[in-house]
file query.cif (mmCIF, C-alpha atoms)
data_upload
#
loop_
_atom_site.label_atom_id
_atom_site.label_comp_id
_atom_site.auth_asym_id
_atom_site.auth_seq_id
_atom_site.Cartn_x
_atom_site.Cartn_y
_atom_site.Cartn_z
CA MET A 1 63.93 139.01 115.55
CA GLY A 2 67.33 137.46 114.88
CA TYR A 3 66.84 134.95 117.69
CA LEU A 4 63.41 134.03 116.33
CA PHE A 5 64.83 133.02 112.92
CA LEU A 6 67.53 131.07 114.72
CA LEU A 7 65.10 129.22 116.97
CA PRO A 8 64.16 126.27 114.69
CA ALA A 9 67.80 125.46 113.92
CA VAL A 10 68.80 125.69 117.57
CA LEU A 11 65.87 123.44 118.61
CA VAL A 12 66.78 120.82 116.01
CA LEU A 13 70.44 120.85 117.08
CA MET A 14 69.40 120.54 120.74
CA VAL A 15 67.38 117.42 119.98
CA VAL A 16 69.71 115.66 117.54
CA VAL A 17 73.16 116.77 118.74
CA ILE A 18 73.29 118.22 122.23
CA TYR A 19 70.82 115.85 123.91
CA PRO A 20 72.47 112.62 122.60
CA ALA A 21 75.92 113.98 123.47
CA LEU A 22 74.90 114.76 127.06
CA ILE A 23 73.11 111.42 127.45
CA GLY A 24 76.25 109.69 126.17
CA LEU A 25 78.37 111.55 128.69
CA TRP A 26 75.97 110.56 131.48
CA TYR A 27 75.95 106.88 130.39
CA SER A 28 79.74 106.81 130.41
CA PHE A 29 79.68 107.13 134.22
CA GLN A 30 77.28 104.20 134.63
CA ASN A 31 77.58 100.42 134.44
CA ARG A 32 74.59 100.39 132.08
CA MET A 33 74.15 97.08 130.21
CA ILE A 34 71.75 96.42 127.33
CA GLY A 35 68.96 94.18 128.62
CA PHE A 36 69.81 94.59 132.32
CA PRO A 37 67.48 96.95 134.15
CA LYS A 38 69.81 97.59 137.10
CA VAL A 39 71.95 100.68 136.52
CA GLU A 40 74.50 102.10 138.96
CA PHE A 41 76.69 105.14 138.94
CA VAL A 42 80.30 103.91 138.80
CA GLY A 43 82.25 107.14 138.46
CA LEU A 44 85.36 106.78 136.37
CA ARG A 45 85.49 102.97 136.38
CA ASN A 46 84.66 102.68 132.63
CA TYR A 47 87.49 105.05 131.80
CA VAL A 48 89.99 103.20 134.01
CA GLU A 49 89.04 99.91 132.38
CA LEU A 50 89.28 101.35 128.87
CA LEU A 51 92.71 102.84 129.52
CA GLY A 52 93.94 99.37 130.49
CA ASP A 53 92.33 97.75 127.43
CA ALA A 54 95.10 96.84 124.96
CA ARG A 55 92.58 95.97 122.24
CA LEU A 56 91.14 99.49 122.29
CA ARG A 57 94.57 101.10 122.49
CA ILE A 58 95.79 99.16 119.46
CA SER A 59 92.61 99.99 117.56
CA ILE A 60 93.06 103.72 118.22
CA VAL A 61 96.65 103.61 116.95
CA ARG A 62 95.45 101.58 113.96
CA SER A 63 92.71 104.13 113.20
CA LEU A 64 95.17 107.01 113.31
CA LEU A 65 97.71 105.20 111.10
CA PHE A 66 94.93 104.17 108.72
CA ALA A 67 93.57 107.71 108.53
CA GLY A 68 97.04 109.25 108.21
CA GLY A 69 98.03 106.90 105.39
CA ALA A 70 94.73 107.14 103.52
CA VAL A 71 94.48 110.93 103.80
CA SER A 72 98.09 111.46 102.65
CA LEU A 73 97.51 109.28 99.58
CA LYS A 74 94.25 111.06 98.83
CA LEU A 75 95.94 114.45 99.17
CA VAL A 76 98.79 113.63 96.78
CA ILE A 77 96.66 111.89 94.13
CA GLY A 78 93.86 114.44 94.53
CA LEU A 79 96.33 117.28 93.96
CA LEU A 80 97.68 115.64 90.79
CA VAL A 81 94.13 115.15 89.48
CA ALA A 82 93.22 118.75 90.36
CA LEU A 83 96.32 120.09 88.56
CA PHE A 84 95.38 118.08 85.49
CA LEU A 85 91.74 119.22 85.54
CA ASN A 86 92.85 122.84 85.87
CA GLN A 87 94.36 122.78 82.36
CA THR A 88 92.25 123.69 79.34
CA PHE A 89 91.39 120.82 77.01
CA GLY A 90 88.38 119.55 75.08
CA GLY A 91 85.82 117.59 77.10
CA ARG A 92 87.06 119.03 80.39
CA GLY A 93 83.59 119.36 81.92
CA PHE A 94 82.83 115.74 81.04
CA ILE A 95 86.09 114.44 82.57
CA ARG A 96 85.49 116.54 85.69
CA SER A 97 82.10 114.90 86.23
CA ILE A 98 83.49 111.39 85.59
CA VAL A 99 86.17 111.94 88.22
CA LEU A 100 83.36 112.49 90.76
CA LEU A 101 81.69 109.13 90.08
CA PRO A 102 83.31 107.01 92.86
CA TRP A 103 82.26 109.62 95.39
CA SER A 104 78.63 109.61 94.22
CA LEU A 105 78.01 105.91 94.88
CA PRO A 106 76.61 104.97 98.30
CA LEU A 107 79.42 103.79 100.58
CA VAL A 108 77.74 100.43 101.24
CA VAL A 109 77.48 99.74 97.51
CA SER A 110 81.15 100.60 96.90
CA VAL A 111 82.32 98.33 99.69
CA LEU A 112 80.18 95.47 98.37
CA ILE A 113 81.61 95.83 94.83
CA PHE A 114 85.14 95.73 96.23
CA THR A 115 84.30 92.75 98.44
CA TRP A 116 83.23 90.90 95.31
CA MET A 117 86.36 91.96 93.43
CA TYR A 118 88.60 90.94 96.37
CA ASN A 119 87.03 87.46 96.47
CA ASP A 120 89.81 84.87 96.63
CA MET A 121 88.12 82.35 94.30
CA PHE A 122 86.03 84.34 91.84
CA GLY A 123 87.40 87.85 92.29
CA VAL A 124 88.65 89.82 89.33
CA PHE A 125 91.68 91.28 91.16
CA ASN A 126 93.30 87.87 91.65
CA PHE A 127 92.47 86.94 88.05
CA LEU A 128 94.14 90.08 86.67
CA LEU A 129 97.18 89.81 88.97
CA ILE A 130 97.77 86.17 87.98
CA LYS A 131 97.21 86.90 84.28
CA GLY A 132 99.62 89.82 84.52
CA GLY A 133 102.21 87.48 85.98
CA LEU A 134 102.52 89.49 89.20
CA ILE A 135 101.56 86.61 91.50
CA ASP A 136 101.41 82.81 91.15
CA LEU A 137 98.79 81.97 93.73
CA PRO A 138 95.61 83.91 94.55
CA LEU A 139 95.97 86.42 97.38
CA ILE A 140 93.50 86.11 100.22
CA PHE A 141 92.79 89.82 100.37
CA LEU A 142 90.34 89.82 103.24
CA GLY A 143 91.77 86.88 105.19
CA ASP A 144 95.33 88.12 105.63
CA ARG A 145 96.00 90.46 108.54
CA LYS A 146 98.00 93.05 106.60
CA LEU A 147 96.22 92.74 103.25
CA ALA A 148 92.79 93.19 104.81
CA LEU A 149 93.76 96.56 106.25
CA LEU A 150 95.31 97.65 102.93
CA SER A 151 92.18 96.45 101.09
CA GLY A 152 90.06 98.76 103.22
CA LEU A 153 92.53 101.58 102.67
CA LEU A 154 92.24 101.15 98.90
CA ILE A 155 88.44 101.50 99.08
CA ASN A 156 88.74 104.60 101.24
CA VAL A 157 91.28 106.20 98.89
CA TRP A 158 89.28 105.28 95.78
CA ARG A 159 86.19 106.90 97.25
CA GLY A 160 87.93 109.89 98.80
CA ILE A 161 90.05 111.23 95.95
CA PRO A 162 87.19 113.14 94.24
CA PHE A 163 86.54 115.19 97.39
CA PHE A 164 90.18 116.28 97.45
CA ALA A 165 90.38 116.81 93.69
CA ILE A 166 87.30 119.04 93.53
CA ASN A 167 88.22 121.15 96.55
CA LEU A 168 91.82 121.58 95.44
CA LEU A 169 90.60 122.43 91.94
CA ALA A 170 88.47 125.21 93.41
CA GLY A 171 91.57 126.36 95.30
CA LEU A 172 93.65 126.36 92.11
CA GLN A 173 91.04 128.41 90.29
CA ALA A 174 91.15 131.03 93.04
CA ILE A 175 94.88 131.72 92.45
CA PRO A 176 95.14 134.99 90.49
CA ASP A 177 96.84 134.67 87.07
CA GLU A 178 98.94 137.76 87.87
CA LEU A 179 101.06 135.70 90.27
CA TYR A 180 102.02 133.29 87.47
CA ASP A 181 102.62 136.18 85.02
CA ALA A 182 104.90 137.90 87.51
CA GLY A 183 106.78 134.65 88.12
CA GLN A 184 107.29 134.06 84.41
CA VAL A 185 108.56 137.59 83.90
CA ASP A 186 111.12 136.89 86.61
CA GLY A 187 112.20 133.80 84.68
CA ALA A 188 110.82 131.09 86.97
CA SER A 189 110.56 127.53 85.60
CA SER A 190 107.26 125.62 85.80
CA LEU A 191 108.62 123.66 88.73
CA GLN A 192 109.58 126.86 90.54
CA LEU A 193 106.15 128.34 89.80
CA PHE A 194 104.54 125.25 91.32
CA ARG A 195 106.83 125.33 94.35
CA HIS A 196 106.61 129.07 95.07
CA VAL A 197 103.18 130.11 93.74
CA THR A 198 100.82 127.12 93.56
CA LEU A 199 101.73 125.30 96.77
CA PRO A 200 101.75 128.35 99.10
CA SER A 201 98.43 129.54 97.65
CA LEU A 202 96.86 126.13 98.22
CA ARG A 203 98.17 125.75 101.76
CA THR A 204 94.96 126.68 103.59
CA VAL A 205 92.68 124.64 101.33
CA MET A 206 95.00 121.66 101.71
CA LEU A 207 94.94 122.03 105.48
CA ILE A 208 91.12 122.23 105.56
CA VAL A 209 90.52 119.16 103.37
CA PHE A 210 93.27 117.26 105.20
CA LEU A 211 91.73 117.88 108.63
CA LEU A 212 88.15 117.24 107.48
CA SER A 213 89.10 114.02 105.74
CA PHE A 214 91.24 112.91 108.69
CA ILE A 215 88.26 113.31 111.03
CA TRP A 216 85.93 111.42 108.65
CA THR A 217 88.43 108.67 107.89
CA SER A 218 89.37 107.93 111.48
CA ASN A 219 85.63 107.79 112.32
CA ASP A 220 84.86 105.49 109.40
CA PHE A 221 82.84 102.57 110.73
CA THR A 222 81.03 101.42 107.60
CA THR A 223 83.96 100.37 105.38
CA PHE A 224 85.51 97.81 107.70
CA TRP A 225 82.24 96.69 109.21
CA ILE A 226 80.91 95.61 105.81
CA LEU A 227 84.28 94.43 104.50
CA THR A 228 85.55 92.28 107.38
CA ARG A 229 83.58 92.97 110.59
CA GLY A 230 86.97 93.92 112.04
CA GLY A 231 88.51 90.58 111.14
CA PRO A 232 90.47 88.44 110.46
CA GLY A 233 90.76 88.20 114.24
CA THR A 234 91.11 91.80 115.28
CA ALA A 235 93.32 92.87 112.37
CA THR A 236 91.03 95.55 110.93
CA GLU A 237 89.36 96.70 114.14
CA VAL A 238 89.43 100.48 113.97
CA PHE A 239 88.16 102.22 117.10
CA PRO A 240 84.55 102.79 115.90
CA ILE A 241 84.28 99.02 115.38
CA VAL A 242 85.66 98.24 118.84
CA THR A 243 83.18 100.74 120.29
CA TYR A 244 80.31 99.10 118.43
CA LYS A 245 81.38 95.64 119.61
CA ILE A 246 81.64 96.80 123.23
CA ALA A 247 78.13 98.24 122.99
CA PHE A 248 76.19 95.70 120.94
CA ILE A 249 78.12 92.44 121.29
CA GLY A 250 79.53 92.93 124.80
CA LEU A 251 76.30 94.82 125.65
CA GLU A 252 78.30 97.23 127.87
CA LEU A 253 76.57 100.43 126.78
CA GLY A 254 78.12 102.58 129.51
CA LYS A 255 81.65 101.51 128.69
CA ALA A 256 81.08 102.06 124.97
CA ALA A 257 79.79 105.57 125.64
CA ALA A 258 83.07 106.34 127.40
CA VAL A 259 85.17 105.67 124.26
CA PRO A 260 84.15 108.79 122.31
CA VAL A 261 84.40 110.89 125.48
CA LEU A 262 87.93 109.60 125.95
CA LEU A 263 88.84 110.57 122.38
CA MET A 264 87.10 113.94 122.50
CA PRO A 265 90.15 116.01 123.55
CA PHE A 266 92.06 114.78 120.51
CA PHE A 267 89.26 115.48 118.03
CA SER A 268 88.48 118.81 119.70
CA VAL A 269 92.01 119.95 118.92
CA LEU A 270 91.53 118.92 115.27
CA ILE A 271 88.22 120.79 115.12
CA VAL A 272 89.69 123.94 116.68
CA LEU A 273 92.49 123.82 114.08
CA LEU A 274 89.88 123.31 111.37
CA VAL A 275 87.75 126.27 112.45
CA LYS A 276 90.91 128.42 112.60
CA ALA A 277 91.90 127.34 109.09
CA VAL A 278 88.43 128.09 107.74
CA ARG A 279 88.49 131.53 109.39
CA GLY A 280 91.92 132.22 107.88
CA GLN A 281 90.63 131.24 104.46
CA GLU A 282 87.70 133.63 104.82
CA GLU A 283 89.95 136.52 105.86
CA GLY A 284 92.34 135.82 103.02
CA ARG A 285 89.62 136.53 100.46
CA MET B 1 121.88 117.81 72.60
CA SER B 2 119.18 119.95 74.08
CA ILE B 3 115.46 119.48 73.56
CA SER B 4 113.63 122.66 72.67
CA TYR B 5 111.26 124.22 75.17
CA SER B 6 108.10 123.59 73.17
CA THR B 7 108.94 119.92 72.54
CA LYS B 8 109.55 119.44 76.23
CA ARG B 9 106.24 121.09 76.99
CA ARG B 10 104.37 118.95 74.50
CA LEU B 11 106.03 115.83 75.86
CA PHE B 12 104.99 116.76 79.39
CA LYS B 13 101.43 117.44 78.30
CA GLY B 14 101.29 114.11 76.45
CA LEU B 15 102.57 112.25 79.50
CA SER B 16 100.06 113.95 81.77
CA PHE B 17 97.19 112.93 79.47
CA LEU B 18 98.52 109.36 79.45
CA ALA B 19 98.67 109.32 83.27
CA MET B 20 95.16 110.78 83.53
CA GLY B 21 93.85 108.18 81.08
CA LEU B 22 95.36 105.41 83.17
CA TYR B 23 93.91 106.96 86.33
CA LEU B 24 90.41 107.13 84.80
CA VAL B 25 90.59 103.48 83.68
CA LEU B 26 91.63 102.44 87.20
CA ILE B 27 88.95 104.39 89.07
CA LEU B 28 86.17 103.50 86.63
CA PHE B 29 86.97 99.78 86.65
CA PRO B 30 85.04 98.98 89.87
CA ILE B 31 82.00 100.78 88.48
CA TYR B 32 82.29 98.91 85.19
CA TRP B 33 82.61 95.68 87.14
CA MET B 34 79.48 96.45 89.14
CA LEU B 35 77.46 97.10 85.97
CA LEU B 36 78.91 94.03 84.26
CA THR B 37 78.17 91.79 87.25
CA SER B 38 74.59 93.05 87.29
CA ILE B 39 73.93 91.93 83.70
CA LYS B 40 75.84 88.64 83.78
CA PRO B 41 73.75 85.47 83.99
CA LYS B 42 74.12 83.81 87.38
CA ARG B 43 76.08 80.76 86.16
CA GLU B 44 78.67 83.06 84.59
CA LEU B 45 79.54 84.65 87.93
CA TYR B 46 81.22 81.61 89.44
CA LEU B 47 83.57 80.54 86.67
CA PRO B 48 87.17 79.62 87.53
CA GLU B 49 88.27 82.58 85.37
CA PRO B 50 85.97 85.62 85.41
CA THR B 51 84.92 86.89 81.98
CA LEU B 52 85.84 90.52 81.30
CA TRP B 53 82.84 90.89 79.00
CA THR B 54 79.63 88.90 78.79
CA GLN B 55 78.20 87.28 75.66
CA ASN B 56 74.81 86.74 77.27
CA PRO B 57 73.64 89.97 78.91
CA THR B 58 70.48 89.51 80.91
CA LEU B 59 68.08 91.58 83.00
CA ASP B 60 67.16 88.58 85.17
CA ASN B 61 68.94 90.09 88.17
CA VAL B 62 66.90 93.28 87.86
CA ARG B 63 63.67 91.28 87.58
CA HIS B 64 64.76 89.27 90.62
CA LEU B 65 65.25 92.52 92.52
CA PHE B 66 61.71 93.71 91.83
CA GLU B 67 59.98 90.34 92.19
CA THR B 68 61.59 88.87 95.29
CA THR B 69 62.57 91.93 97.30
CA PRO B 70 60.45 94.94 98.19
CA PHE B 71 62.84 97.09 96.15
CA ALA B 72 60.22 99.48 94.77
CA ARG B 73 59.01 100.17 98.30
CA GLN B 74 62.55 100.63 99.61
CA PHE B 75 63.36 103.02 96.81
CA GLY B 76 60.18 104.96 97.57
CA ASN B 77 61.15 105.16 101.25
CA THR B 78 64.59 106.49 100.33
CA LEU B 79 63.06 109.11 98.07
CA LEU B 80 60.56 110.19 100.73
CA VAL B 81 63.19 110.51 103.46
CA SER B 82 65.65 112.42 101.29
CA VAL B 83 63.06 114.84 99.90
CA VAL B 84 61.52 115.61 103.30
CA ALA B 85 64.91 115.90 105.03
CA THR B 86 66.27 118.21 102.35
CA ALA B 87 63.16 120.40 102.38
CA VAL B 88 63.22 120.75 106.17
CA ALA B 89 66.98 121.44 106.17
CA ILE B 90 66.61 124.14 103.52
CA VAL B 91 63.82 125.96 105.38
CA ILE B 92 65.53 125.81 108.80
CA GLY B 93 68.99 126.41 107.38
CA SER B 94 68.06 129.44 105.30
CA LEU B 95 66.23 131.04 108.24
CA ALA B 96 69.28 130.54 110.46
CA GLY B 97 71.68 131.57 107.70
CA TYR B 98 69.80 134.80 107.05
CA SER B 99 69.72 135.56 110.75
CA LEU B 100 73.43 134.87 111.28
CA CYS B 101 74.50 136.80 108.22
CA ARG B 102 72.20 139.82 107.91
CA LEU B 103 70.83 140.63 111.36
CA HIS B 104 72.82 142.05 114.24
CA TYR B 105 72.31 141.05 117.84
CA PRO B 106 74.48 140.16 120.84
CA GLY B 107 76.11 136.72 120.81
CA ARG B 108 75.74 136.27 117.07
CA ASP B 109 79.36 135.34 116.34
CA PHE B 110 79.50 132.89 119.22
CA ILE B 111 76.36 131.11 118.00
CA ALA B 112 77.74 131.02 114.47
CA SER B 113 80.90 129.25 115.58
CA ALA B 114 78.92 126.84 117.78
CA PHE B 115 77.05 125.69 114.66
CA PHE B 116 80.34 124.25 113.41
CA SER B 117 80.73 121.69 116.16
CA PRO B 118 78.29 118.96 114.94
CA THR B 119 80.28 118.43 111.75
#

call {"tool": "encode", "arguments": {"input": "query.cif", "output": "structure tokens"}}
result
Amino acid sequence: MGYLFLLPAVLVLMVVVIYPALIGLWYSFQNRMIGFPKVEFVGLRNYVELLGDARLRISIVRSLLFAGGAVSLKLVIGLLVALFLNQTFGGRGFIRSIVLLPWSLPLVVSVLIFTWMYNDMFGVFNFLLIKGGLIDLPLIFLGDRKLALLSGLLINVWRGIPFFAINLLAGLQAIPDELYDAGQVDGASSLQLFRHVTLPSLRTVMLIVFLLSFIWTSNDFTTFWILTRGGPGTATEVFPIVTYKIAFIGLELGKAAAVPVLLMPFFSVLIVLLVKAVRGQEEGR
Amino acid sequence: MSISYSTKRRLFKGLSFLAMGLYLVLILFPIYWMLLTSIKPKRELYLPEPTLWTQNPTLDNVRHLFETTPFARQFGNTLLVSVVATAVAIVIGSLAGYSLCRLHYPGRDFIASAFFSPT
């Protein structure tokens, strides 16, 4: 009976998750090219080539740095927003829903708005920065190697803060008031209460949102693809973009399929940690 | 000179509201800019200095969207896909959820943890 109820879900997952994953694994051992009918089994050649590919190596490091930076910023700002929203004040429900707005827009739309605002001739960012006296000449946000990466990071942070804020807010609400009462009776200052009650109680929630967001951010293809196509040059090529280019511009489907397989051990560790953290959270209740 | 506890508290609260106000202005600005750009007449978009507010709001861009692109059709497609996908996910998901949570059979916990992996 239990298996019968489970059957539809298992069938769907087989078709949309397990089958593509196995096919991808199989392709990664072939020299399969898009548009070329001849396919040979090449063993580990794709992997050997990828390991020697400096462009991919740099893009992986870039992805991890990008994700680490973006997620840390989102965690800190999200925590501050959550702490603020946890206070009682008039219009709190309204402010809480406004904070969610950036998250509710489709990603493509957000990136397009920012592209328009980053524009070096007609963009509002350059206008405001020059008016504010911060710069003399317009910045070429998307044409400069360093600025382009930071521009993408800003979009990711802008969009990602609400996810952190809402989850951390839920975590804050789950902390029993008794802990704060006891702390106050013992004469703890607000800073000490934050350090010794709030932070330890939020530790698991922070770990869960950090890991989830790290996985999503390092896999983020859309932001940079719409913003810069990985350019200028290769400056904003994160590893999903390199993978896409190997597959659909270089047409080397087999080699592209090997990239995610190569990265799987790393992400598996993150997922195992995540599942452990979620379990811990459930037991803590 | 020492500042009393309640003054300090009020000061802190005031500062936090100020910071939150600034934060809201910053995060809402791109959304404001999107709405503003959508109602600006086309010739106002490419001025040497962008206008922070428009004197001549227009719905021309919206009309353009409906007249020259199959927007209504695209919106209908989106609606159809999201409604059907959600309905299917709810039916399949609640069956599986009920099974994993309420029924007891061998291998249940293993299957439950395997469901995590696609995310």

call {"tool": "resolve_selection", "arguments": {"input": "query.cif", "expression": "the PyMOL selection byres ((chain B) within 6 of (chain A))", "output": "MDAnalysis selection string"}}
result
chainID B and resid 92 95:96 99 103

call {"tool": "write_last_selection", "arguments": {"input": "query.cif", "atoms": "C-alpha atoms", "output": "PDB file, in the coordinates of the input"}}
result
ATOM      1  CA  ILE B  92      65.530 125.810 108.800  1.00  0.00           C
ATOM      2  CA  LEU B  95      66.230 131.040 108.240  1.00  0.00           C
ATOM      3  CA  ALA B  96      69.280 130.540 110.460  1.00  0.00           C
ATOM      4  CA  SER B  99      69.720 135.560 110.750  1.00  0.00           C
ATOM      5  CA  LEU B 103      70.830 140.630 111.360  1.00  0.00           C
TER       6      LEU B 103
END

call {"tool": "resolve_selection", "arguments": {"input": "query.cif", "expression": "the PyMOL selection byres ((chain A and resi 48) around 12)", "output": "PyMOL selection string"}}
result
chain A and resi 28-29+42-47+49-53+255+258-259+262

call {"tool": "resolve_selection", "arguments": {"input": "query.cif", "expression": "the PyMOL selection byres ((chain B and resi 9-15) around 12)", "output": "PyMOL selection string"}}
result
(chain A and resi 83-84+87-89+189-190) or (chain B and resi 3-8+16-22)

call {"tool": "residues_around", "arguments": {"input": "query.cif", "residues": "stretch 232-240 of chain A", "least_positions_apart": "4", "cutoff": "7 Å", "atoms": "all atoms listed in the file", "output": "ChimeraX atom specification"}}
result
/A:56,59-60,62-63,143-145,148-149,219,221,224,228,244

call {"tool": "write_last_selection", "arguments": {"input": "query.cif", "atoms": "C-alpha atoms", "output": "short mmCIF file (atom, residue, chain, number, x, y, z; two decimals), keeping the file's coordinate frame"}}
result
data_model
loop_
_atom_site.label_atom_id
_atom_site.label_comp_id
_atom_site.auth_asym_id
_atom_site.auth_seq_id
_atom_site.Cartn_x
_atom_site.Cartn_y
_atom_site.Cartn_z
CA LEU A 56 91.14 99.49 122.29
CA SER A 59 92.61 99.99 117.56
CA ILE A 60 93.06 103.72 118.22
CA ARG A 62 95.45 101.58 113.96
CA SER A 63 92.71 104.13 113.20
CA GLY A 143 91.77 86.88 105.19
CA ASP A 144 95.33 88.12 105.63
CA ARG A 145 96.00 90.46 108.54
CA ALA A 148 92.79 93.19 104.81
CA LEU A 149 93.76 96.56 106.25
CA ASN A 219 85.63 107.79 112.32
CA PHE A 221 82.84 102.57 110.73
CA PHE A 224 85.51 97.81 107.70
CA THR A 228 85.55 92.28 107.38
CA TYR A 244 80.31 99.10 118.43
#

call {"tool": "closest_residue", "arguments": {"input": "query.cif", "among": "A:Gln173, A:Thr222, A:Gln281, A:Gln184", "to": "A:Ile208", "atoms": "all atoms listed in the file"}}
result
A:Gln281

call {"tool": "closest_residue", "arguments": {"input": "query.cif", "among": "A:Val209, A:Ile135, A:Leu153, A:Ala247", "to": "A:Ile34", "atoms": "only C-alpha atoms"}}
result
A:Ala247

call {"tool": "closest_residue", "arguments": {"input": "query.cif", "among": "A:Pro37, A:Leu73, A:Pro162, A:Leu169", "to": "B:Leu24", "atoms": "only C-alpha atoms"}}
result
A:Pro162

call {"tool": "residues_around", "arguments": {"input": "query.cif", "residues": "A:Ile175", "least_positions_apart": "5", "cutoff": "12 Å", "atoms": "all atoms listed in the file", "output": "PyMOL selection string"}}
result
chain A and resi 86+168-170+180-181+194+197-203+205+284-285

call {"tool": "write_last_selection", "arguments": {"input": "query.cif", "atoms": "C-alpha atoms", "output": "PDB file, in the frame of the given file"}}
result
ATOM      1  CA  ASN A  86      92.850 122.840  85.870  1.00  0.00           C
ATOM      2  CA  LEU A 168      91.820 121.580  95.440  1.00  0.00           C
ATOM      3  CA  LEU A 169      90.600 122.430  91.940  1.00  0.00           C
ATOM      4  CA  ALA A 170      88.470 125.210  93.410  1.00  0.00           C
ATOM      5  CA  TYR A 180     102.020 133.290  87.470  1.00  0.00           C
ATOM      6  CA  ASP A 181     102.620 136.180  85.020  1.00  0.00           C
ATOM      7  CA  PHE A 194     104.540 125.250  91.320  1.00  0.00           C
ATOM      8  CA  VAL A 197     103.180 130.110  93.740  1.00  0.00           C
ATOM      9  CA  THR A 198     100.820 127.120  93.560  1.00  0.00           C
ATOM     10  CA  LEU A 199     101.730 125.300  96.770  1.00  0.00           C
ATOM     11  CA  PRO A 200     101.750 128.350  99.100  1.00  0.00           C
ATOM     12  CA  SER A 201      98.430 129.540  97.650  1.00  0.00           C
ATOM     13  CA  LEU A 202      96.860 126.130  98.220  1.00  0.00           C
ATOM     14  CA  ARG A 203      98.170 125.750 101.760  1.00  0.00           C
ATOM     15  CA  VAL A 205      92.680 124.640 101.330  1.00  0.00           C
ATOM     16  CA  GLY A 284      92.340 135.820 103.020  1.00  0.00           C
ATOM     17  CA  ARG A 285      89.620 136.530 100.460  1.00  0.00           C
TER      18      ARG A 285
END

call {"tool": "atom_distance", "arguments": {"input": "query.cif", "atom1": "atom CA of B:Val91", "atom2": "atom CA of A:Leu11"}}
result
13.6 Å

call {"tool": "closest_residue", "arguments": {"input": "query.cif", "among": "B:Arg63, B:Arg102, B:Arg73, B:Arg108", "to": "B:Ser38", "atoms": "all atoms listed in the file"}}
result
B:Arg63

call {"tool": "atom_distance", "arguments": {"input": "query.cif", "atom1": "atom CA of B:Pro48", "atom2": "atom CA of A:Gly133"}}
result
17.0 Å
